[in-house]
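> Encoded as structure tokens, here's the structure I'll be asking about.
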Amino acid sequence: MARREDGTHTSLATEHPADHQTARSAWAPIVATGTVECRRGPACRAPALLIAPDDEWDLGDPDAACDAPRAPEHRQCNRATATWRRAAGRRTPELHPAHR
Ligand SMILES: [Zn+2]
């Protein structure tokens, strides 16, 4: 019994992709009503904050750009985050080896 505790973790500790899918499925019918606002709020990049029923959307998780709880956000807003993260991490412009 002790071994199980310090050995493998149960699925409660780490989140599995399946949970994300389940959460998305739970949100889908709500988003389909067109009354859900993009999780990004002021940082939303879409023309309208509301996610239209036919908009592409992703379940957004808290990150550096937005620490709001997991909720639906426009796909374009979700994708944009990756760009911001990359830009934020780039403190100094890196010189291409060919330019040194
Ligand atoms: Zn948005």
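Labels used: A, B, ... for chains in the order of the structure tokens, numbers from 1 for residues in each chain, and numbers from 1 for ligands as shown.
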Could the residues that lie within 6 Å of ligand 1, counting only C-alpha atoms and all ligand atoms, be listed as a list in words?
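Protein and nucleic-acid residues within 6 Å of ligand 1: Cys38, Arg40, Cys44, Arg45, Ala46, Leu49, Glu73, His74 and Cys77 of chain A.
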> How would the residues just chosen look if you wrote them out with N, CA and C atoms as a short mmCIF file (atom, residue, chain, number, x, y, z; two decimals), in the first residue's frame?

data_model
loop_
_atom_site.label_atom_id
_atom_site.label_comp_id
_atom_site.auth_asym_id
_atom_site.auth_seq_id
_atom_site.Cartn_x
_atom_site.Cartn_y
_atom_site.Cartn_z
N CYS A 38 -16.20 34.90 -24.81
CA CYS A 38 -14.83 34.40 -24.90
C CYS A 38 -14.12 34.58 -23.55
N ARG A 40 -11.17 35.06 -22.94
CA ARG A 40 -10.09 36.06 -23.00
C ARG A 40 -10.54 37.45 -22.55
N CYS A 44 -9.66 39.45 -26.02
CA CYS A 44 -10.27 38.73 -27.12
C CYS A 44 -9.91 39.38 -28.45
N ARG A 45 -9.61 38.56 -29.42
CA ARG A 45 -9.19 39.08 -30.72
C ARG A 45 -10.28 38.98 -31.77
N ALA A 46 -11.38 38.37 -31.43
CA ALA A 46 -12.47 38.21 -32.38
C ALA A 46 -13.27 39.51 -32.45
N LEU A 49 -17.22 39.53 -28.66
CA LEU A 49 -16.80 38.77 -27.48
C LEU A 49 -17.59 37.47 -27.35
N GLU A 73 -13.13 29.69 -25.45
CA GLU A 73 -12.64 30.92 -26.06
C GLU A 73 -12.54 30.68 -27.56
N HIS A 74 -12.56 31.77 -28.32
CA HIS A 74 -12.45 31.62 -29.77
C HIS A 74 -11.17 30.86 -30.11
N CYS A 77 -8.36 33.16 -30.60
CA CYS A 77 -7.80 33.71 -29.36
C CYS A 77 -6.91 32.67 -28.71
#
> Closest to Glu37 (chain A) among A:Leu50, A:Arg79, A:Trp57, A:His16, using only C-alpha atoms?
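That would be A:Leu50, the residue with the smallest distance to Glu37 (chain A).
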> So, with only C-alpha atoms as the atoms that count, which of A:Ala80, A:Ile51, A:Leu59, A:Ala64 lies closest to Thr33 (chain A)?
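That would be A:Ile51, the residue with the smallest distance to Thr33 (chain A).
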> Would you compute the distance between CA of Ala18 (chain A) and CA of Ala71 (chain A)? Give it in Å to one decimal.
15.9 Å
> Give the answer as one residue: which of A:Asp63, A:Glu56, A:Arg39, A:Arg70 has the shortest atom-to-atom distance to Asp19 (chain A), using only C-alpha atoms?
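That would be A:Arg70, the residue with the smallest distance to Asp19 (chain A).
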> A:Pro29, A:Gly34, A:Asn78, A:Thr22: which is nearest Asp61 (chain A), counting only C-alpha atoms?
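Closest candidate: A:Asn78.
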> Would you please work out which residue, of A:Ala52, A:Cys66, A:Gln76, A:Gly60, is nearest to Arg24 (chain A) when using only C-alpha atoms?
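Smallest separation from Arg24 (chain A) among the options: A:Gly60.
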